[in-house]
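Reviewing the structure listed below.
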Amino acid sequence: MSVAGPGPSELHDTLRELVAAHGPGILADAGGFRGMLDDVLTEEQATTGDINLLVDAVRFGVLQPLGQLIDGGADPARAVEEAGARLARDRGGDDLAASSWASAVLGYAVGSVPVAVVLRHSSSRPSTGPLPPPAAWPPPPVAASADPASPPVGSPAGPAPYPAPAAFPPGGHPAAPAGAGPPRRGAVPWIAAAVAGAVLVGGGVGALLALSRDGDEPGPRTRTSGGPTTPAVDVDPAAVDERYGALSSRITAGVSACEAEEPGTGQSEVLRCTVSTGTLRLVTYADDAALVAARAARLDYRAGTLTADNDATALYEFDPERGGTTDPAVVYWDSRTALQSAQLEGEGTATIDAVVAAFSATAPRVAEPTAPAHPVLREFIDINMDVAGCTRQRTYFPGETEESTCAAGVDDIVVTVGRYATRKQLRADRKYYKDQYDDAVTQGDGGTWRFGEGEPEGGYYAYLDSSGETAILYWDWNSQDCHCYGVAWSFEGDLGKLESWWPSDD
């Protein structure tokens, strides 16, 4: 096929001209699309990594969920991020920023996405080189996406377009069998969830008191925030450690300086401290209602999060790499009994690992969750696996309340389980896998599975993906308040092994 040469120098404009000239059908064949890009794009317009990414976006059908989300009323910016996260998962990589860019570019080419969304992702995405080989188990953390402009969703009432399955040990992906390339996953849909607002404190900034002394002079330092009604606040490290001992035994570990800030509504004390990775904010609340409200605002369901809430205490982590954003890494924890919270927020290039290390150095009295927590999710796992073999990890998609990787007990089978905030999100996930199953050339024999007699209790779809290299098995459960899913992969493409491992009729 002959094609028109590139017009404007911007890549997204060139693709839009190609679609206008030759029709959207050019985005239906990955091989033909690759040849067209090689013919018309200059090295200045696109790197090999850019082209590979766009071709993969066509191969994995990124326009289908993108169009469905936008047609269903989703904001194009949010739809782009959701489709981008799915593409990143399908490619077996962790570059959600680049995948969202590819989703935006193709969406713009067919007229579904405004140019402002494309430019936003063009300016923020990293370079798109080849995907690295899978890391040793467990691999480093990865991310998903949240839009700071979106309204906060800290409860199951949030929007829920496309759900998602799967991810891997504490923030990473499973290693493929020895000698294999990067793992190729069956497409994994997902749902939107919004970013909850950070716990902000209002008011003016009090006087700064460095924790280091003038010379070696000992003694406490007490300053006020300057307002006539603001009480003196002792920011001496020993005094701060004592007041916030319910959160950590050494809350000022690694702190170089603290200052008192004027408390906001529902707060009786606020401290802002400087640490090597960024800032530590300590808050004492005026009453239980204020702490509960602050906790609810902080424990959002955006991608890249790890949460634990046992009512008495709560912990929240956000990994911006896995979340696919430039937002800072965050660790938050609190004590309802003490009416206090702490939040470590990274600055600059601080990673979640660095922020978690600063958190651990304080000897916190709240522990990171290591196992599946929701009781019905644990029951779901026990249907065909040992819950003791499951390890919590940061979520890969918005809307997931938790996610874990589980030992299958069989070589070459990798399993991820998770739970969504709502049944609507689970059903969207099931529909996606049902569509993949229906379109697959090679389908499994299990069909819809049941618990003994009666109506089907959930979805069960096993198939070989279009590459012929990966076998995928998806299942879920309609049990009340579960909203649970499981996905298993065989990277050797052994569909029979998957179905033998998970009998479809229990």
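Going by the structure tokens order, chains are called A, B, ..., each with residues numbered from 1, while ligands are numbered from 1 in the order shown.
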For this session: Quick one: everything within 8 Å of Arg423 of chain A, counting only C-alpha atoms, minus sequence neighbours fewer than 3 positions away in the same chain. Send it as a list in words.
Result: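 Everything that qualifies: Tyr420, Leu426, Arg427, Asp481 and His483 of chain A.
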Using the selection just defined, write its residues with N, CA, C and O atoms as a PDB file, in the first residue's frame.
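Heads up, here's the output in part.pdb:
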ATOM      1  N   TYR A 420     -11.941  -6.157  43.686  1.00  0.00           N
ATOM      2  CA  TYR A 420     -12.368  -4.826  43.283  1.00  0.00           C
ATOM      3  C   TYR A 420     -13.300  -4.221  44.328  1.00  0.00           C
ATOM      4  O   TYR A 420     -13.894  -4.930  45.142  1.00  0.00           O
ATOM      5  N   LEU A 426     -15.999  -5.881  38.737  1.00  0.00           N
ATOM      6  CA  LEU A 426     -15.743  -7.297  38.487  1.00  0.00           C
ATOM      7  C   LEU A 426     -16.433  -7.770  37.213  1.00  0.00           C
ATOM      8  O   LEU A 426     -15.861  -8.501  36.408  1.00  0.00           O
ATOM      9  N   ARG A 427     -17.658  -7.341  37.015  1.00  0.00           N
ATOM     10  CA  ARG A 427     -18.386  -7.772  35.825  1.00  0.00           C
ATOM     11  C   ARG A 427     -17.746  -7.236  34.547  1.00  0.00           C
ATOM     12  O   ARG A 427     -17.746  -7.910  33.514  1.00  0.00           O
ATOM     13  N   ASP A 481     -20.064  -9.557  48.285  1.00  0.00           N
ATOM     14  CA  ASP A 481     -18.964  -8.766  48.832  1.00  0.00           C
ATOM     15  C   ASP A 481     -17.587  -9.315  48.469  1.00  0.00           C
ATOM     16  O   ASP A 481     -16.589  -8.922  49.054  1.00  0.00           O
ATOM     17  N   HIS A 483     -16.257  -9.716  44.889  1.00  0.00           N
ATOM     18  CA  HIS A 483     -15.725  -8.951  43.764  1.00  0.00           C
ATOM     19  C   HIS A 483     -14.298  -9.424  43.456  1.00  0.00           C
ATOM     20  O   HIS A 483     -13.414  -8.631  43.149  1.00  0.00           O
TER      21      HIS A 483
END
According to DSSP computed on the backbone, where in segment 314-365 of chain A is there helix (DSSP H, G or I)? Give the residues as a PDB file with N, CA, C and O atoms, in the first residue's frame.
ATOM      1  N   PRO A 320       4.576   5.792  42.754  1.00  0.00           N
ATOM      2  CA  PRO A 320       4.285   6.539  41.522  1.00  0.00           C
ATOM      3  C   PRO A 320       4.749   5.829  40.265  1.00  0.00           C
ATOM      4  O   PRO A 320       4.167   6.020  39.191  1.00  0.00           O
ATOM      5  N   GLU A 321       5.782   5.008  40.360  1.00  0.00           N
ATOM      6  CA  GLU A 321       6.238   4.275  39.174  1.00  0.00           C
ATOM      7  C   GLU A 321       5.160   3.296  38.737  1.00  0.00           C
ATOM      8  O   GLU A 321       4.792   3.220  37.576  1.00  0.00           O
ATOM      9  N   ARG A 322       4.612   2.567  39.690  1.00  0.00           N
ATOM     10  CA  ARG A 322       3.551   1.633  39.350  1.00  0.00           C
ATOM     11  C   ARG A 322       2.269   2.384  39.015  1.00  0.00           C
ATOM     12  O   ARG A 322       1.448   1.924  38.231  1.00  0.00           O
ATOM     13  N   GLY A 323       2.088   3.543  39.610  1.00  0.00           N
ATOM     14  CA  GLY A 323       0.899   4.334  39.346  1.00  0.00           C
ATOM     15  C   GLY A 323       0.980   5.103  38.041  1.00  0.00           C
ATOM     16  O   GLY A 323      -0.007   5.677  37.600  1.00  0.00           O
ATOM     17  N   ILE A 352       9.629   4.831  45.917  1.00  0.00           N
ATOM     18  CA  ILE A 352       8.854   4.270  47.010  1.00  0.00           C
ATOM     19  C   ILE A 352       9.755   3.448  47.914  1.00  0.00           C
ATOM     20  O   ILE A 352       9.553   3.412  49.142  1.00  0.00           O
ATOM     21  N   ASP A 353      10.758   2.778  47.359  1.00  0.00           N
ATOM     22  CA  ASP A 353      11.666   1.995  48.194  1.00  0.00           C
ATOM     23  C   ASP A 353      12.402   2.885  49.188  1.00  0.00           C
ATOM     24  O   ASP A 353      12.582   2.516  50.354  1.00  0.00           O
ATOM     25  N   ALA A 354      12.831   4.069  48.726  1.00  0.00           N
ATOM     26  CA  ALA A 354      13.538   4.987  49.618  1.00  0.00           C
ATOM     27  C   ALA A 354      12.601   5.516  50.698  1.00  0.00           C
ATOM     28  O   ALA A 354      12.994   5.644  51.870  1.00  0.00           O
ATOM     29  N   VAL A 355      11.363   5.812  50.333  1.00  0.00           N
ATOM     30  CA  VAL A 355      10.414   6.337  51.312  1.00  0.00           C
ATOM     31  C   VAL A 355      10.035   5.250  52.311  1.00  0.00           C
ATOM     32  O   VAL A 355       9.910   5.510  53.512  1.00  0.00           O
ATOM     33  N   VAL A 356       9.855   4.019  51.840  1.00  0.00           N
ATOM     34  CA  VAL A 356       9.557   2.914  52.755  1.00  0.00           C
ATOM     35  C   VAL A 356      10.732   2.681  53.698  1.00  0.00           C
ATOM     36  O   VAL A 356      10.532   2.373  54.884  1.00  0.00           O
ATOM     37  N   ALA A 357      11.961   2.840  53.210  1.00  0.00           N
ATOM     38  CA  ALA A 357      13.125   2.681  54.075  1.00  0.00           C
ATOM     39  C   ALA A 357      13.116   3.736  55.185  1.00  0.00           C
ATOM     40  O   ALA A 357      13.435   3.441  56.345  1.00  0.00           O
ATOM     41  N   ALA A 358      12.736   4.972  54.841  1.00  0.00           N
ATOM     42  CA  ALA A 358      12.643   6.025  55.857  1.00  0.00           C
ATOM     43  C   ALA A 358      11.533   5.702  56.858  1.00  0.00           C
ATOM     44  O   ALA A 358      11.677   5.939  58.062  1.00  0.00           O
ATOM     45  N   PHE A 359      10.433   5.155  56.363  1.00  0.00           N
ATOM     46  CA  PHE A 359       9.338   4.715  57.231  1.00  0.00           C
ATOM     47  C   PHE A 359       9.816   3.628  58.188  1.00  0.00           C
ATOM     48  O   PHE A 359       9.594   3.687  59.407  1.00  0.00           O
ATOM     49  N   SER A 360      10.508   2.627  57.666  1.00  0.00           N
ATOM     50  CA  SER A 360      10.983   1.512  58.490  1.00  0.00           C
ATOM     51  C   SER A 360      11.981   1.975  59.548  1.00  0.00           C
ATOM     52  O   SER A 360      12.023   1.416  60.655  1.00  0.00           O
ATOM     53  N   ALA A 361      12.769   2.998  59.216  1.00  0.00           N
ATOM     54  CA  ALA A 361      13.775   3.496  60.160  1.00  0.00           C
ATOM     55  C   ALA A 361      13.148   4.090  61.412  1.00  0.00           C
ATOM     56  O   ALA A 361      13.814   4.195  62.455  1.00  0.00           O
TER      57      ALA A 361
END
Problem set entry | Spatial neighbours of Val330 of chain A, max dist 8 Å, only C-alpha atoms, sep filter under 2 positions, as a list in words |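 The filter keeps Tyr316, Glu317, Phe318, Asp319, Pro328, Tyr332, Gln343, Leu344, Glu345, Gly346, Ile352 and Val355 of chain A.
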Residues from last step as file, all heavy atoms, as a compact mmCIF listing (two decimals), in the first residue's frame:
# COMPACT_ATOMS: atom_id res chain seq x y z
N TYR A 316 -0.96 3.14 54.40
CA TYR A 316 -1.19 3.37 52.97
C TYR A 316 0.15 3.66 52.31
O TYR A 316 0.95 4.45 52.83
CB TYR A 316 -2.13 4.56 52.79
CG TYR A 316 -2.25 5.09 51.37
CD1 TYR A 316 -3.24 4.63 50.52
CD2 TYR A 316 -1.39 6.08 50.90
CE1 TYR A 316 -3.37 5.13 49.22
CE2 TYR A 316 -1.52 6.59 49.62
CZ TYR A 316 -2.50 6.11 48.78
OH TYR A 316 -2.63 6.62 47.52
N GLU A 317 0.41 3.00 51.18
CA GLU A 317 1.60 3.30 50.39
C GLU A 317 1.18 3.57 48.95
O GLU A 317 0.26 2.93 48.43
CB GLU A 317 2.58 2.12 50.40
CG GLU A 317 3.18 1.83 51.76
CD GLU A 317 4.14 0.65 51.73
OE1 GLU A 317 4.42 0.12 50.62
OE2 GLU A 317 4.60 0.26 52.81
N PHE A 318 1.87 4.49 48.32
CA PHE A 318 1.63 4.76 46.89
C PHE A 318 2.97 4.79 46.17
O PHE A 318 3.88 5.53 46.54
CB PHE A 318 0.91 6.09 46.69
CG PHE A 318 0.85 6.47 45.23
CD1 PHE A 318 0.11 5.73 44.34
CD2 PHE A 318 1.54 7.58 44.75
CE1 PHE A 318 0.05 6.06 42.99
CE2 PHE A 318 1.50 7.92 43.41
CZ PHE A 318 0.75 7.17 42.53
N ASP A 319 3.06 3.97 45.12
CA ASP A 319 4.25 3.89 44.29
C ASP A 319 3.98 4.62 42.97
O ASP A 319 3.20 4.14 42.15
CB ASP A 319 4.58 2.43 44.02
CG ASP A 319 5.77 2.25 43.10
OD1 ASP A 319 6.40 3.26 42.73
OD2 ASP A 319 6.08 1.09 42.75
N PRO A 328 4.35 12.24 44.00
CA PRO A 328 5.40 11.73 44.89
C PRO A 328 5.04 10.38 45.50
O PRO A 328 3.86 10.03 45.63
CB PRO A 328 5.48 12.81 45.97
CG PRO A 328 4.13 13.44 45.98
CD PRO A 328 3.67 13.43 44.55
N TYR A 332 1.77 6.58 54.46
CA TYR A 332 0.93 7.20 55.50
C TYR A 332 0.59 6.13 56.53
O TYR A 332 0.32 4.97 56.17
CB TYR A 332 -0.35 7.74 54.86
CG TYR A 332 -1.48 8.02 55.83
CD1 TYR A 332 -1.69 9.30 56.36
CD2 TYR A 332 -2.37 7.00 56.22
CE1 TYR A 332 -2.74 9.56 57.24
CE2 TYR A 332 -3.42 7.25 57.10
CZ TYR A 332 -3.60 8.53 57.61
OH TYR A 332 -4.63 8.78 58.48
N GLN A 343 2.75 11.14 57.68
CA GLN A 343 2.85 10.91 56.25
C GLN A 343 4.23 11.31 55.76
O GLN A 343 4.65 12.45 55.93
CB GLN A 343 1.79 11.70 55.48
CG GLN A 343 1.91 11.50 53.97
CD GLN A 343 0.68 11.97 53.22
OE1 GLN A 343 -0.40 11.41 53.37
NE2 GLN A 343 0.85 13.00 52.41
N LEU A 344 4.92 10.34 55.19
CA LEU A 344 6.20 10.58 54.54
C LEU A 344 5.93 10.77 53.06
O LEU A 344 5.30 9.91 52.42
CB LEU A 344 7.15 9.41 54.75
CG LEU A 344 7.90 9.36 56.08
CD1 LEU A 344 8.42 7.95 56.34
CD2 LEU A 344 9.05 10.37 56.08
N GLU A 345 6.40 11.86 52.50
CA GLU A 345 6.19 12.16 51.08
C GLU A 345 7.53 12.40 50.42
O GLU A 345 8.30 13.26 50.85
CB GLU A 345 5.28 13.37 50.93
CG GLU A 345 4.92 13.69 49.49
CD GLU A 345 3.88 14.78 49.39
OE1 GLU A 345 2.72 14.53 49.79
OE2 GLU A 345 4.23 15.88 48.92
N GLY A 346 7.82 11.62 49.38
CA GLY A 346 9.09 11.77 48.69
C GLY A 346 9.14 13.03 47.86
O GLY A 346 8.12 13.56 47.42
N ILE A 352 9.63 4.83 45.92
CA ILE A 352 8.85 4.27 47.01
C ILE A 352 9.75 3.45 47.91
O ILE A 352 9.55 3.41 49.14
CB ILE A 352 7.67 3.43 46.49
CG1 ILE A 352 6.78 2.95 47.65
CG2 ILE A 352 8.16 2.26 45.66
CD1 ILE A 352 6.14 4.05 48.46
N VAL A 355 11.36 5.81 50.33
CA VAL A 355 10.41 6.34 51.31
C VAL A 355 10.04 5.25 52.31
O VAL A 355 9.91 5.51 53.51
CB VAL A 355 9.17 6.91 50.60
CG1 VAL A 355 8.14 7.37 51.62
CG2 VAL A 355 9.57 8.07 49.70
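Once Gln267 of chain A and its same-chain neighbours fewer than 5 positions away are set aside, Val201, Gly202, Glu262, Val283, Thr284, Tyr285, Ala286, Asp287, Ala290, Leu291, Leu339 and Gln340 of chain A remain within 10 Å of it when counting only C-alpha atoms.
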With N, CA, C and O atoms retained, export the selected residues as a tab-separated table (two decimals), in the first residue's frame.
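See selection.tsv below for the written result:
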chain	number	residue	atom	x	y	z
A	201	VAL	N	-2.97	20.20	55.41
A	201	VAL	CA	-3.21	21.01	56.58
A	201	VAL	C	-3.12	22.45	56.17
A	201	VAL	O	-2.32	22.84	55.33
A	202	GLY	N	-3.98	23.28	56.72
A	202	GLY	CA	-4.04	24.67	56.31
A	202	GLY	C	-3.23	25.54	57.24
A	202	GLY	O	-2.66	25.12	58.23
A	262	GLU	N	0.36	26.00	61.57
A	262	GLU	CA	-0.90	26.31	62.21
A	262	GLU	C	-1.91	25.21	61.92
A	262	GLU	O	-2.13	24.86	60.75
A	283	VAL	N	0.44	14.90	62.37
A	283	VAL	CA	-0.81	15.60	62.72
A	283	VAL	C	-1.42	14.96	63.95
A	283	VAL	O	-1.52	13.73	64.04
A	284	THR	N	-1.84	15.78	64.89
A	284	THR	CA	-2.68	15.35	66.00
A	284	THR	C	-4.07	15.95	65.78
A	284	THR	O	-4.19	17.15	65.54
A	285	TYR	N	-5.09	15.10	65.84
A	285	TYR	CA	-6.44	15.53	65.52
A	285	TYR	C	-7.20	15.92	66.77
A	285	TYR	O	-6.94	15.43	67.88
A	286	ALA	N	-8.18	16.78	66.58
A	286	ALA	CA	-8.97	17.27	67.70
A	286	ALA	C	-9.93	16.22	68.22
A	286	ALA	O	-10.27	16.21	69.41
A	287	ASP	N	-10.40	15.34	67.34
A	287	ASP	CA	-11.34	14.31	67.77
A	287	ASP	C	-11.31	13.14	66.80
A	287	ASP	O	-10.64	13.18	65.75
A	290	ALA	N	-12.41	13.67	63.07
A	290	ALA	CA	-11.44	14.33	62.20
A	290	ALA	C	-10.40	13.32	61.68
A	290	ALA	O	-10.02	13.34	60.51
A	291	LEU	N	-9.95	12.42	62.55
A	291	LEU	CA	-8.99	11.42	62.10
A	291	LEU	C	-9.63	10.47	61.09
A	291	LEU	O	-9.03	10.13	60.06
A	339	LEU	N	-5.19	9.44	68.07
A	339	LEU	CA	-5.69	10.54	67.22
A	339	LEU	C	-4.54	11.23	66.50
A	339	LEU	O	-4.44	12.46	66.45
A	340	GLN	N	-3.65	10.43	65.90
A	340	GLN	CA	-2.47	10.98	65.23
A	340	GLN	C	-2.22	10.26	63.90
A	340	GLN	O	-2.58	9.10	63.73
For this session: Figure out the distance between atom CA of Ser404 of chain A and atom CA of Thr305 of chain A, please, to one decimal in Å.
Result: 12.0 Å
Restrict the calculation to only C-alpha atoms, then for each residue of segment 366-417 of chain A with any atom at most 10 Å from an atom of segment 468-477 of chain A give the closest atom pair and their distance in Å to one decimal, rows by chain and rising residue number, as a Markdown table.
| residue | atom | partner | partner_atom | distance |
| --- | --- | --- | --- | --- |
| A:Val376 | CA | A:Trp477 | CA | 10.0 |
| A:Leu377 | CA | A:Trp477 | CA | 9.5 |
| A:Phe380 | CA | A:Trp477 | CA | 7.3 |
| A:Ile413 | CA | A:Ala471 | CA | 9.5 |
| A:Val414 | CA | A:Ile472 | CA | 9.9 |
| A:Val415 | CA | A:Leu473 | CA | 9.3 |
| A:Thr416 | CA | A:Tyr474 | CA | 9.9 |
| A:Val417 | CA | A:Asp476 | CA | 9.3 |
Go ahead and dump the residues you just picked, N, CA and C atoms, as a compact mmCIF listing (two decimals), in the first residue's frame.
# COMPACT_ATOMS: atom_id res chain seq x y z
N VAL A 376 -13.55 -12.65 52.49
CA VAL A 376 -14.17 -13.37 51.38
C VAL A 376 -13.15 -13.62 50.28
N LEU A 377 -12.20 -12.71 50.09
CA LEU A 377 -11.13 -12.97 49.14
C LEU A 377 -10.30 -14.17 49.59
N PHE A 380 -12.17 -17.19 48.68
CA PHE A 380 -12.07 -17.38 47.24
C PHE A 380 -10.75 -18.06 46.87
N ILE A 413 3.30 -22.03 36.05
CA ILE A 413 2.00 -21.38 36.23
C ILE A 413 2.17 -20.24 37.22
N VAL A 414 1.80 -19.05 36.78
CA VAL A 414 1.88 -17.86 37.61
C VAL A 414 0.47 -17.36 37.86
N VAL A 415 0.17 -17.02 39.11
CA VAL A 415 -1.20 -16.69 39.49
C VAL A 415 -1.24 -15.35 40.22
N THR A 416 -2.22 -14.54 39.88
CA THR A 416 -2.50 -13.31 40.60
C THR A 416 -3.97 -13.29 40.97
N VAL A 417 -4.28 -12.87 42.18
CA VAL A 417 -5.66 -12.71 42.61
C VAL A 417 -5.86 -11.29 43.12
Exercise. Which is closest to Thr277 of chain A among A:Ser103, A:Thr442, A:Glu347, A:Ala239, if we use only C-alpha atoms?
Worked result: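 Answer, going by the shortest atom-to-atom distance: A:Glu347.
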